[in-house]
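Here is the file target-v5.pdb (PDB, C-alpha atoms).
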```pdb
ATOM      1  CA  MET V   1     -39.021  19.829  61.005
ATOM      2  CA  THR V   2     -39.539  23.348  59.620
ATOM      3  CA  PHE V   3     -38.316  24.831  56.285
ATOM      4  CA  SER V   4     -37.502  28.480  55.722
ATOM      5  CA  ALA V   5     -38.833  30.348  52.725
ATOM      6  CA  LEU V   6     -35.377  30.257  51.143
ATOM      7  CA  THR V   7     -35.054  26.444  51.203
ATOM      8  CA  PRO V   8     -36.707  25.835  47.763
ATOM      9  CA  VAL V   9     -34.363  28.457  46.283
ATOM     10  CA  PHE V  10     -31.286  26.683  47.667
ATOM     11  CA  ILE V  11     -32.540  23.327  46.361
ATOM     12  CA  ALA V  12     -33.112  24.822  42.901
ATOM     13  CA  ILE V  13     -29.601  26.309  42.848
ATOM     14  CA  ILE V  14     -28.053  22.957  43.855
ATOM     15  CA  CYS V  15     -30.001  21.135  41.107
ATOM     16  CA  VAL V  16     -28.796  23.648  38.498
ATOM     17  CA  LEU V  17     -25.175  23.231  39.634
ATOM     18  CA  ILE V  18     -25.449  19.431  39.468
ATOM     19  CA  GLY V  19     -26.921  19.683  35.964
ATOM     20  CA  VAL V  20     -24.089  21.955  34.786
ATOM     21  CA  ILE V  21     -21.455  19.584  36.213
ATOM     22  CA  LEU V  22     -23.014  16.518  34.581
ATOM     23  CA  LYS V  23     -23.341  18.307  31.238
ATOM     24  CA  GLY V  24     -19.713  19.377  31.379
ATOM     25  CA  SER V  25     -18.526  15.839  32.137
ATOM     26  CA  LYS V  26     -20.498  14.453  29.178
ATOM     27  CA  LYS V  27     -18.935  17.003  26.833
ATOM     28  CA  GLY V  28     -15.500  16.059  28.109
ATOM     29  CA  ASN V  29     -16.161  12.378  27.453
ATOM     30  CA  LYS V  30     -17.414  13.136  23.938
ATOM     31  CA  LYS V  31     -14.265  15.118  23.195
ATOM     32  CA  LEU V  32     -12.129  12.214  24.365
ATOM     33  CA  GLU V  33     -14.089   9.785  22.213
ATOM     34  CA  SER V  34     -14.038  11.922  19.086
ATOM     35  CA  LYS V  35     -10.363  12.851  19.505
ATOM     36  CA  PRO V  36      -8.479   9.525  19.360
ATOM     37  CA  SER V  37      -5.051  10.714  20.439
ATOM     38  CA  GLN V  38      -2.410  13.304  19.840
ATOM     39  CA  LYS V  39      -0.251  10.633  18.200
ATOM     40  CA  ALA V  40      -2.907   9.936  15.584
ATOM     41  CA  GLU V  41      -2.915  13.625  14.622
ATOM     42  CA  LEU V  42       0.874  13.712  14.382
ATOM     43  CA  ARG V  43       1.013  11.329  11.448
ATOM     44  CA  PRO V  44       1.201  13.628   8.409
ATOM     45  CA  TRP V  45       2.583  10.821   6.237
ATOM     46  CA  VAL V  46      -0.736   8.933   6.251
ATOM     47  CA  ASP V  47      -2.135   9.104   2.720
ATOM     48  CA  GLU V  48      -5.864   9.770   2.965
ATOM     49  CA  ASP V  49      -6.306   8.300  -0.512
ATOM     50  CA  LEU V  50      -5.232   4.890   0.800
ATOM     51  CA  LYS V  51      -7.940   3.446   2.983
ATOM     52  CA  ASP V  52      -8.777  -0.235   2.867
ATOM     53  CA  SER V  53     -12.532   0.281   2.457
ATOM     54  CA  THR V  54     -13.765  -3.284   2.342
ATOM     55  CA  ASP V  55     -17.315  -2.186   3.165
ATOM     56  CA  LEU V  56     -19.576  -1.005   0.380
ATOM     57  CA  GLN V  57     -21.001   2.477   0.459
ATOM     58  CA  GLY V  58     -24.407   2.929   2.022
ATOM     59  CA  GLY V  59     -27.369   2.005  -0.101
ATOM     60  CA  GLU V  60     -25.995  -1.219  -1.553
ATOM     61  CA  GLU V  61     -28.171  -4.114  -0.483
ATOM     62  CA  ASP V  62     -27.530  -7.820  -0.793
ATOM     63  CA  ASP V  63     -29.923  -9.295  -3.354
ATOM     64  CA  GLY V  64     -29.327 -12.838  -2.185
ATOM     65  CA  GLY V  65     -25.740 -13.116  -3.382
ATOM     66  CA  GLU V  66     -26.289 -12.898  -7.139
ATOM     67  CA  TRP V  67     -25.374  -9.214  -7.289
ATOM     68  CA  GLN V  68     -21.838 -10.024  -6.119
ATOM     69  CA  GLY V  69     -21.218 -11.921  -9.318
ATOM     70  CA  PHE V  70     -20.052 -15.083  -7.561
ATOM     71  CA  ASP V  71     -20.872 -18.507  -8.994
ATOM     72  CA  ASP V  72     -22.328 -20.595  -6.163
ATOM     73  CA  ASN V  73     -21.911 -23.769  -8.213
ATOM     74  CA  ILE V  74     -18.223 -23.444  -9.022
ATOM     75  CA  ALA V  75     -16.645 -26.822  -9.725
ATOM     76  CA  HIS V  76     -13.973 -28.236  -7.414
ATOM     77  CA  VAL V  77     -11.280 -30.292  -9.111
ATOM     78  CA  PRO V  78      -8.581 -32.625  -7.761
ATOM     79  CA  PHE V  79      -5.363 -30.869  -6.747
ATOM     80  CA  MET V  80      -1.946 -32.323  -7.413
ATOM     81  CA  THR V  81       1.513 -30.841  -7.096
ATOM     82  CA  GLU V  82       5.022 -32.118  -7.512
ATOM     83  CA  ARG V  83       6.441 -33.571  -4.332
ATOM     84  CA  TYR V  84      10.177 -33.361  -3.732
ATOM     85  CA  SER V  85      12.435 -35.476  -1.609
ATOM     86  CA  GLU V  86      13.503 -33.897   1.671
ATOM     87  CA  GLU V  87      16.989 -33.451   0.253
ATOM     88  CA  ASP V  88      15.640 -31.613  -2.793
ATOM     89  CA  MET V  89      13.342 -29.511  -0.617
ATOM     90  CA  VAL V  90      16.258 -28.308   1.479
ATOM     91  CA  LYS V  91      18.337 -27.644  -1.632
ATOM     92  CA  ARG V  92      15.567 -25.711  -3.397
ATOM     93  CA  SER V  93      14.731 -23.679  -0.290
ATOM     94  CA  LYS V  94      18.378 -22.678   0.119
ATOM     95  CA  GLU V  95      18.681 -21.725  -3.537
ATOM     96  CA  PHE V  96      15.494 -19.661  -3.444
ATOM     97  CA  TYR V  97      16.614 -17.875  -0.293
ATOM     98  CA  ALA V  98      20.028 -17.171  -1.834
ATOM     99  CA  LEU V  99      18.309 -15.684  -4.889
ATOM    100  CA  LEU V 100      16.027 -13.399  -2.891
ATOM    101  CA  ASN V 101      18.740 -12.455  -0.416
ATOM    102  CA  LYS V 102      20.509 -10.709  -3.310
ATOM    103  CA  ARG V 103      17.464  -8.498  -3.881
ATOM    104  CA  ARG V 104      18.102  -4.850  -3.100
ATOM    105  CA  SER V 105      16.212  -1.601  -3.518
ATOM    106  CA  VAL V 106      18.042   0.072  -6.412
ATOM    107  CA  ARG V 107      17.568   3.746  -7.287
ATOM    108  CA  PHE V 108      20.063   3.835 -10.162
ATOM    109  CA  ILE V 109      18.356   2.205 -13.125
ATOM    110  CA  SER V 110      19.677   1.961 -16.680
ATOM    111  CA  ASP V 111      17.652   3.018 -19.710
ATOM    112  CA  GLU V 112      18.691  -0.200 -21.467
ATOM    113  CA  PRO V 113      15.613  -1.798 -23.093
ATOM    114  CA  VAL V 114      13.974  -4.773 -21.389
ATOM    115  CA  PRO V 115      11.958  -7.323 -23.425
ATOM    116  CA  ARG V 116       8.262  -6.565 -23.048
ATOM    117  CA  GLU V 117       7.483 -10.293 -22.792
ATOM    118  CA  VAL V 118       9.489 -10.424 -19.563
ATOM    119  CA  ILE V 119       7.313  -7.693 -18.054
ATOM    120  CA  ASP V 120       4.177  -9.535 -19.152
ATOM    121  CA  ASN V 121       5.393 -12.724 -17.508
ATOM    122  CA  VAL V 122       6.372 -11.193 -14.158
ATOM    123  CA  ILE V 123       2.977  -9.497 -13.939
ATOM    124  CA  LYS V 124       1.257 -12.778 -14.775
ATOM    125  CA  ALA V 125       3.240 -14.286 -11.902
ATOM    126  CA  ALA V 126       2.086 -11.495  -9.580
ATOM    127  CA  GLY V 127      -1.482 -12.173 -10.683
ATOM    128  CA  THR V 128      -1.285 -15.667  -9.192
ATOM    129  CA  ALA V 129      -1.445 -14.147  -5.694
ATOM    130  CA  PRO V 130      -4.268 -15.171  -3.360
ATOM    131  CA  SER V 131      -6.986 -12.610  -2.701
ATOM    132  CA  GLY V 132     -10.036 -12.216  -0.485
ATOM    133  CA  ALA V 133     -12.841 -14.375  -1.954
ATOM    134  CA  HIS V 134     -10.746 -14.578  -5.160
ATOM    135  CA  THR V 135     -11.742 -11.038  -6.145
ATOM    136  CA  GLU V 136      -8.257 -10.292  -7.570
ATOM    137  CA  PRO V 137      -8.509  -6.574  -6.718
ATOM    138  CA  TRP V 138      -5.416  -5.383  -8.595
ATOM    139  CA  THR V 139      -4.556  -3.410 -11.699
ATOM    140  CA  PHE V 140      -0.970  -3.248 -12.964
ATOM    141  CA  VAL V 141      -0.437  -0.156 -15.104
ATOM    142  CA  VAL V 142       2.754  -0.503 -17.173
ATOM    143  CA  VAL V 143       4.083   2.823 -18.430
ATOM    144  CA  GLN V 144       6.719   2.840 -21.162
ATOM    145  CA  ASP V 145       5.861   6.109 -22.938
ATOM    146  CA  PRO V 146       8.675   8.650 -22.163
ATOM    147  CA  GLU V 147       6.341  11.637 -22.006
ATOM    148  CA  ILE V 148       3.950   9.981 -19.559
ATOM    149  CA  LYS V 149       6.882   8.788 -17.450
ATOM    150  CA  HIS V 150       8.171  12.362 -17.281
ATOM    151  CA  ASN V 151       4.733  13.678 -16.305
ATOM    152  CA  ILE V 152       4.630  11.075 -13.544
ATOM    153  CA  ARG V 153       8.040  12.261 -12.376
ATOM    154  CA  LYS V 154       6.915  15.898 -12.275
ATOM    155  CA  ILE V 155       3.854  15.043 -10.158
ATOM    156  CA  ILE V 156       5.818  12.869  -7.759
ATOM    157  CA  GLU V 157       8.743  15.246  -7.296
ATOM    158  CA  GLU V 158       6.396  18.159  -6.681
ATOM    159  CA  GLU V 159       4.564  16.258  -3.941
ATOM    160  CA  GLU V 160       7.700  14.596  -2.562
ATOM    161  CA  GLU V 161       9.409  17.941  -1.982
ATOM    162  CA  ILE V 162       6.427  18.964   0.141
ATOM    163  CA  ASN V 163       6.535  15.581   1.885
ATOM    164  CA  TYR V 164      10.199  15.949   2.806
ATOM    165  CA  LYS V 165       9.896  19.570   3.893
ATOM    166  CA  LYS V 166       6.518  19.563   5.628
ATOM    167  CA  ARG V 167       4.570  16.296   5.853
ATOM    168  CA  MET V 168       7.015  13.577   6.845
ATOM    169  CA  GLY V 169       8.489  15.164   9.927
ATOM    170  CA  ASP V 170      12.069  15.456  11.166
ATOM    171  CA  GLN V 171      12.372  11.873  12.406
ATOM    172  CA  TRP V 172      11.410  10.229   9.110
ATOM    173  CA  VAL V 173      13.603  12.576   7.065
ATOM    174  CA  HIS V 174      16.497  11.902   9.445
ATOM    175  CA  ASP V 175      16.012   8.127   9.158
ATOM    176  CA  LEU V 176      16.221   8.378   5.352
ATOM    177  CA  LYS V 177      19.457  10.390   5.315
ATOM    178  CA  ARG V 178      21.678   7.320   5.616
ATOM    179  CA  LEU V 179      19.983   5.888   2.504
ATOM    180  CA  ARG V 180      20.878   9.055   0.544
ATOM    181  CA  THR V 181      17.393   9.479  -0.844
ATOM    182  CA  ASN V 182      15.438  12.668  -1.440
ATOM    183  CA  TRP V 183      12.597  14.001  -3.587
ATOM    184  CA  ILE V 184      14.605  13.885  -6.828
ATOM    185  CA  LYS V 185      13.597  10.686  -8.690
ATOM    186  CA  GLU V 186      15.701  10.406 -11.861
ATOM    187  CA  TYR V 187      14.840   6.737 -12.202
ATOM    188  CA  LEU V 188      11.274   7.679 -13.119
ATOM    189  CA  ASP V 189      12.662   8.945 -16.437
ATOM    190  CA  THR V 190      15.473   6.443 -17.018
ATOM    191  CA  ALA V 191      13.764   3.155 -16.120
ATOM    192  CA  PRO V 192      12.347   1.540 -19.280
ATOM    193  CA  TYR V 193       9.148   0.640 -17.409
ATOM    194  CA  LEU V 194       7.168   2.041 -14.519
ATOM    195  CA  ILE V 195       4.703  -0.395 -12.980
ATOM    196  CA  LEU V 196       1.997   1.349 -10.983
ATOM    197  CA  LEU V 197       0.060  -1.038  -8.801
ATOM    198  CA  PHE V 198      -3.509   0.048  -8.084
ATOM    199  CA  LYS V 199      -5.818  -1.572  -5.578
ATOM    200  CA  GLN V 200      -9.467  -1.814  -6.582
ATOM    201  CA  VAL V 201     -11.374  -0.864  -3.437
ATOM    202  CA  TYR V 202     -14.474  -2.360  -5.031
ATOM    203  CA  GLY V 203     -15.413  -3.929  -8.361
ATOM    204  CA  MET V 204     -18.200  -3.070 -10.773
ATOM    205  CA  LEU V 205     -20.687  -5.599 -12.072
ATOM    206  CA  PRO V 206     -22.317  -5.352 -15.524
ATOM    207  CA  SER V 207     -25.500  -4.258 -13.748
ATOM    208  CA  GLY V 208     -23.658  -1.222 -12.389
ATOM    209  CA  LYS V 209     -23.704  -2.462  -8.797
ATOM    210  CA  LYS V 210     -20.602  -2.557  -6.654
ATOM    211  CA  LYS V 211     -18.818  -5.790  -5.878
ATOM    212  CA  THR V 212     -17.057  -6.027  -2.521
ATOM    213  CA  HIS V 213     -13.314  -6.561  -2.709
ATOM    214  CA  TYR V 214     -12.436  -8.111   0.627
ATOM    215  CA  TYR V 215      -9.021  -7.292   2.117
ATOM    216  CA  ASN V 216      -8.115  -5.473  -1.076
ATOM    217  CA  GLU V 217      -4.964  -3.788   0.249
ATOM    218  CA  ILE V 218      -3.590  -6.969   1.822
ATOM    219  CA  SER V 219      -4.314  -8.928  -1.357
ATOM    220  CA  VAL V 220      -2.553  -6.379  -3.570
ATOM    221  CA  SER V 221       0.408  -6.224  -1.185
ATOM    222  CA  ILE V 222       0.827  -9.995  -1.461
ATOM    223  CA  ALA V 223       0.755  -9.677  -5.259
ATOM    224  CA  CYS V 224       3.477  -7.036  -5.041
ATOM    225  CA  GLY V 225       5.659  -9.381  -2.981
ATOM    226  CA  ILE V 226       5.374 -12.035  -5.681
ATOM    227  CA  LEU V 227       6.152  -9.388  -8.312
ATOM    228  CA  LEU V 228       9.349  -8.427  -6.482
ATOM    229  CA  ALA V 229      10.428 -12.078  -6.380
ATOM    230  CA  ALA V 230       9.618 -12.502 -10.087
ATOM    231  CA  LEU V 231      11.700  -9.431 -10.992
ATOM    232  CA  GLN V 232      14.616 -10.736  -8.966
ATOM    233  CA  ASN V 233      14.296 -14.082 -10.708
ATOM    234  CA  VAL V 234      14.906 -12.500 -14.145
ATOM    235  CA  GLY V 235      17.736 -10.187 -13.054
ATOM    236  CA  LEU V 236      15.816  -6.901 -13.003
ATOM    237  CA  VAL V 237      15.866  -4.333 -10.218
ATOM    238  CA  THR V 238      13.376  -1.919  -8.711
ATOM    239  CA  VAL V 239      12.678   0.185  -5.649
ATOM    240  CA  THR V 240       9.309   0.041  -3.904
ATOM    241  CA  SER V 241       7.958   3.574  -4.038
ATOM    242  CA  THR V 242       4.866   4.787  -2.216
ATOM    243  CA  PRO V 243       4.159   8.230  -3.722
ATOM    244  CA  LEU V 244       2.552  10.010  -0.778
ATOM    245  CA  ASN V 245      -0.456  12.140  -1.781
ATOM    246  CA  CYS V 246       0.179  11.582  -5.507
ATOM    247  CA  GLY V 247      -2.546   8.963  -6.012
ATOM    248  CA  PRO V 248      -5.435  11.165  -7.186
ATOM    249  CA  ARG V 249      -3.351  13.108  -9.729
ATOM    250  CA  LEU V 250      -1.686   9.971 -11.083
ATOM    251  CA  ARG V 251      -5.047   8.245 -11.333
ATOM    252  CA  VAL V 252      -6.317  11.102 -13.498
ATOM    253  CA  LEU V 253      -3.142  11.152 -15.605
ATOM    254  CA  LEU V 254      -3.400   7.411 -16.267
ATOM    255  CA  GLN V 255      -7.178   7.558 -16.757
ATOM    256  CA  ARG V 256      -7.966   5.018 -14.069
ATOM    257  CA  PRO V 257     -11.507   4.705 -12.632
ATOM    258  CA  VAL V 258     -12.462   6.083  -9.223
ATOM    259  CA  ASN V 259     -12.552   2.643  -7.615
ATOM    260  CA  GLU V 260      -8.788   2.270  -8.110
ATOM    261  CA  LYS V 261      -6.293   3.790  -5.684
ATOM    262  CA  LEU V 262      -2.531   3.815  -6.160
ATOM    263  CA  LEU V 263      -0.717   1.561  -3.710
ATOM    264  CA  LEU V 264       2.822   1.236  -5.097
ATOM    265  CA  LEU V 265       5.012   2.410  -7.940
ATOM    266  CA  LEU V 266       7.899   0.260  -9.167
ATOM    267  CA  PRO V 267      10.495   1.550 -11.657
ATOM    268  CA  VAL V 268      11.817  -1.542 -13.436
ATOM    269  CA  GLY V 269      14.972  -2.181 -15.425
ATOM    270  CA  TYR V 270      18.610  -3.233 -15.271
ATOM    271  CA  PRO V 271      20.876  -1.561 -12.699
ATOM    272  CA  SER V 272      23.023   1.219 -14.135
ATOM    273  CA  LYS V 273      26.759   0.543 -14.382
ATOM    274  CA  ASP V 274      27.531   2.955 -11.551
ATOM    275  CA  ALA V 275      24.681   1.764  -9.301
ATOM    276  CA  THR V 276      25.320   1.641  -5.561
ATOM    277  CA  VAL V 277      23.220   0.481  -2.614
ATOM    278  CA  PRO V 278      23.577   1.016   1.144
ATOM    279  CA  ASP V 279      25.529  -1.733   2.904
ATOM    280  CA  LEU V 280      22.568  -2.913   4.965
ATOM    281  CA  LYS V 281      22.315  -6.174   6.893
ATOM    282  CA  ARG V 282      19.146  -8.228   7.297
ATOM    283  CA  LYS V 283      17.946  -9.596  10.601
ATOM    284  CA  PRO V 284      18.912 -13.222  11.327
ATOM    285  CA  VAL V 285      16.122 -15.779  11.292
ATOM    286  CA  ASP V 286      16.098 -15.996  15.104
ATOM    287  CA  ASP V 287      15.068 -12.340  15.224
ATOM    288  CA  ILE V 288      12.130 -12.689  12.824
ATOM    289  CA  MET V 289      10.774 -16.171  13.548
ATOM    290  CA  VAL V 290       9.125 -17.582  16.655
ATOM    291  CA  VAL V 291       8.610 -21.352  16.877
ATOM    292  CA  ILE V 292       6.030 -22.482  19.423
TER
END
```
As structure tokens:
Amino acid sequence: MTFSALTPVFIAIICVLIGVILKGSKKGNKKLESKPSQKAELRPWVDEDLKDSTDLQGGEEDDGGEWQGFDDNIAHVPFMTERYSEEDMVKRSKEFYALLNKRRSVRFISDEPVPREVIDNVIKAAGTAPSGAHTEPWTFVVVQDPEIKHNIRKIIEEEEEINYKKRMGDQWVHDLKRLRTNWIKEYLDTAPYLILLFKQVYGMLPSGKKKTHYYNEISVSIACGILLAALQNVGLVTVTSTPLNCGPRLRVLLQRPVNEKLLLLLPVGYPSKDATVPDLKRKPVDDIMVVI
């Protein structure tokens, strides 16, 4: 078999073409990997300040467990609780459901004073929530000062107007129309208390090292659920507010440390005399529960 003088040239050209094709395919794969999806980019309502960063920042090493501040020799004590008859259990469960079924998100809140001791007690109740490794990664900031409340309102309304007009998108704004809500938040001035619930993404030990707060956002969300039930139990109302993109400015205003990020804001008080709520219906139990 004989080869012409041009054969090595043709082979070289083919090799170059194969290399270019392979390089192009690798770049395409990298673009696909680094670009999750168009849907992920079309979520302007995602607050970048709210990320459940359970992991510590690089550079923190485990010194054998002591640096976390946990007591390895914690005592375990007998547990006892009151046991009810089946009849009482059914009765109490119905009564508790009836109480919570009256809970509504109320945006018309009276400026009538609320006893401070009540606020202390409902927050103590919220603080009984379970948390990852019992780290209790929550801070409840109670604001009663009128000037600070008004400054909070200014920050939130400024950002909320941008949210409604630019960030949230047509679908979300349309879905909120029937609830008659917008970026004007009068209740931030009128409510006697604002409770801002911060999640601690990590704790700080006396040594200055960081302490991991496992499942911090889930833990704080559970605490908020208990807080809502406690408020309903004493006849107070609120609306769960998630001030999109307001966290950093509110953290500075309230002088909170960098390890705390705003999760929820709850205006708390009595409903105003002219308060109204949308006539919404809740899903029946068969739509929310699966028994296997």
Would you work out the distance separating atom CA of V:Leu266 from atom CA of V:Ile195, expressed in Å to one decimal?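 Spanning atom CA of V:Leu266 to atom CA of V:Ile195 is a straight-line distance of 5.0 Å.
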Residues in the PyMOL selection byres ((chain V and resi 109-118) around 9), expressed as a list in words: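 When the PyMOL selection byres ((chain V and resi 109-118) around 9) is applied to the shown file, the picked residues are Val106, Arg107, Phe108, Ile119, Asp120, Asn121, Val122, Ile123, Glu186, Tyr187, Leu188, Asp189, Thr190, Ala191, Pro192, Tyr193, Leu231, Val234, Leu236, Val237, Thr238, Pro267, Val268, Gly269, Tyr270, Pro271, Ser272, Lys273 and Ala275 of chain V.
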Please, what distance in Å, to one decimal, runs between atom CA of V:Pro137 and atom CA of V:Pro257? 13.1 Å
For V:Tyr97, which residue out of V:Gln232, V:Phe79, V:Leu244, V:Lys211 is the nearest one, using all atoms listed in the file?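 Closest to V:Tyr97 of all the choices is V:Gln232.
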Residue IDs satisfying the PyMOL selection byres ((chain V and resi 129-135) around 6), as a PyMOL selection string: chain V and resi 126-128+136-137+213-215+219+223
If the PyMOL selection byres ((chain V and resi 240) around 7) is run on the structure shown, which residues does it catch, given as a CSV table (one decimal) with C-alpha atoms, keeping the file's coordinate frame?
```csv
chain,number,residue,atom,x,y,z
V,238,THR,CA,13.4,-1.9,-8.7
V,239,VAL,CA,12.7,0.2,-5.6
V,241,SER,CA,8.0,3.6,-4.0
V,242,THR,CA,4.9,4.8,-2.2
V,264,LEU,CA,2.8,1.2,-5.1
V,265,LEU,CA,5.0,2.4,-7.9
V,266,LEU,CA,7.9,0.3,-9.2
```
One decimal, Å: what's the distance from atom CA of V:Asn216 over to atom CA of V:Trp138, could you say?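 It comes out at 8.0 Å.
Comparing V:Val141, V:Asn73, V:Leu280, V:Gly208 by their smallest distance to V:Gln255, the closest is V:Val141 (using all atoms listed in the file).
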Select, from V:Leu196, V:Ser85, V:Asp286, V:Lys185, the residue with the minimum atom-to-atom distance to V:Gln144, counting all atoms listed in the file.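 That would be V:Leu196, the residue with the smallest distance to V:Gln144.
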Residues near V:Leu254, anyone? I mean within 9 Å using all atoms listed in the file, not counting same-chain ones fewer than 4 positions away, as a ChimeraX atom specification. /V:141,148,249-250
Would you export the selected residues with C-alpha atoms as a compact mmCIF listing (two decimals), in the frame of the given file, please?
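Full text of result.txt as output:
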```txt
# COMPACT_ATOMS: atom_id res chain seq x y z
CA VAL V 141 -0.44 -0.16 -15.10
CA ILE V 148 3.95 9.98 -19.56
CA ARG V 249 -3.35 13.11 -9.73
CA LEU V 250 -1.69 9.97 -11.08
```
With N, CA and C atoms as the atom set, please write stretch 98-114 of chain V from the structure just given, as a PDB file, in the first residue's frame.
```pdb
ATOM      1  N   ALA V  98     -60.324  24.492  66.399  1.00  0.00           N
ATOM      2  CA  ALA V  98     -61.302  25.581  66.274  1.00  0.00           C
ATOM      3  C   ALA V  98     -60.643  26.933  66.562  1.00  0.00           C
ATOM      4  N   LEU V  99     -59.751  26.960  67.551  1.00  0.00           N
ATOM      5  CA  LEU V  99     -59.048  28.192  67.886  1.00  0.00           C
ATOM      6  C   LEU V  99     -58.170  28.645  66.730  1.00  0.00           C
ATOM      7  N   LEU V 100     -57.372  27.735  66.188  1.00  0.00           N
ATOM      8  CA  LEU V 100     -56.440  28.109  65.127  1.00  0.00           C
ATOM      9  C   LEU V 100     -57.145  28.328  63.797  1.00  0.00           C
ATOM     10  N   ASN V 101     -58.293  27.717  63.610  1.00  0.00           N
ATOM     11  CA  ASN V 101     -59.023  27.904  62.359  1.00  0.00           C
ATOM     12  C   ASN V 101     -59.589  29.320  62.249  1.00  0.00           C
ATOM     13  N   LYS V 102     -59.648  30.031  63.377  1.00  0.00           N
ATOM     14  CA  LYS V 102     -60.093  31.427  63.356  1.00  0.00           C
ATOM     15  C   LYS V 102     -58.943  32.378  63.020  1.00  0.00           C
ATOM     16  N   ARG V 103     -57.717  31.853  63.003  1.00  0.00           N
ATOM     17  CA  ARG V 103     -56.570  32.715  62.712  1.00  0.00           C
ATOM     18  C   ARG V 103     -56.631  33.201  61.277  1.00  0.00           C
ATOM     19  N   ARG V 104     -56.399  34.494  61.099  1.00  0.00           N
ATOM     20  CA  ARG V 104     -56.364  35.094  59.775  1.00  0.00           C
ATOM     21  C   ARG V 104     -55.193  36.069  59.689  1.00  0.00           C
ATOM     22  N   SER V 105     -54.729  36.289  58.481  1.00  0.00           N
ATOM     23  CA  SER V 105     -53.718  37.330  58.258  1.00  0.00           C
ATOM     24  C   SER V 105     -54.448  38.671  58.197  1.00  0.00           C
ATOM     25  N   VAL V 106     -54.143  39.544  59.157  1.00  0.00           N
ATOM     26  CA  VAL V 106     -54.864  40.814  59.293  1.00  0.00           C
ATOM     27  C   VAL V 106     -53.904  41.974  59.038  1.00  0.00           C
ATOM     28  N   ARG V 107     -54.288  42.841  58.094  1.00  0.00           N
ATOM     29  CA  ARG V 107     -53.451  43.984  57.733  1.00  0.00           C
ATOM     30  C   ARG V 107     -53.960  45.298  58.319  1.00  0.00           C
ATOM     31  N   PHE V 108     -55.058  45.235  59.059  1.00  0.00           N
ATOM     32  CA  PHE V 108     -55.626  46.434  59.676  1.00  0.00           C
ATOM     33  C   PHE V 108     -55.508  46.260  61.190  1.00  0.00           C
ATOM     34  N   ILE V 109     -54.495  46.898  61.752  1.00  0.00           N
ATOM     35  CA  ILE V 109     -54.143  46.669  63.154  1.00  0.00           C
ATOM     36  C   ILE V 109     -54.290  47.962  63.943  1.00  0.00           C
ATOM     37  N   SER V 110     -54.952  47.863  65.088  1.00  0.00           N
ATOM     38  CA  SER V 110     -55.211  49.019  65.944  1.00  0.00           C
ATOM     39  C   SER V 110     -53.932  49.447  66.667  1.00  0.00           C
ATOM     40  N   ASP V 111     -53.894  50.733  67.040  1.00  0.00           N
ATOM     41  CA  ASP V 111     -52.766  51.223  67.833  1.00  0.00           C
ATOM     42  C   ASP V 111     -53.019  51.085  69.331  1.00  0.00           C
ATOM     43  N   GLU V 112     -54.098  50.383  69.683  1.00  0.00           N
ATOM     44  CA  GLU V 112     -54.416  50.168  71.102  1.00  0.00           C
ATOM     45  C   GLU V 112     -53.270  49.426  71.792  1.00  0.00           C
ATOM     46  N   PRO V 113     -52.843  49.901  72.964  1.00  0.00           N
ATOM     47  CA  PRO V 113     -51.702  49.269  73.651  1.00  0.00           C
ATOM     48  C   PRO V 113     -51.975  47.809  74.009  1.00  0.00           C
ATOM     49  N   VAL V 114     -50.921  47.019  73.957  1.00  0.00           N
ATOM     50  CA  VAL V 114     -50.964  45.604  74.333  1.00  0.00           C
ATOM     51  C   VAL V 114     -49.996  45.412  75.498  1.00  0.00           C
TER      52      VAL V 114
END
```
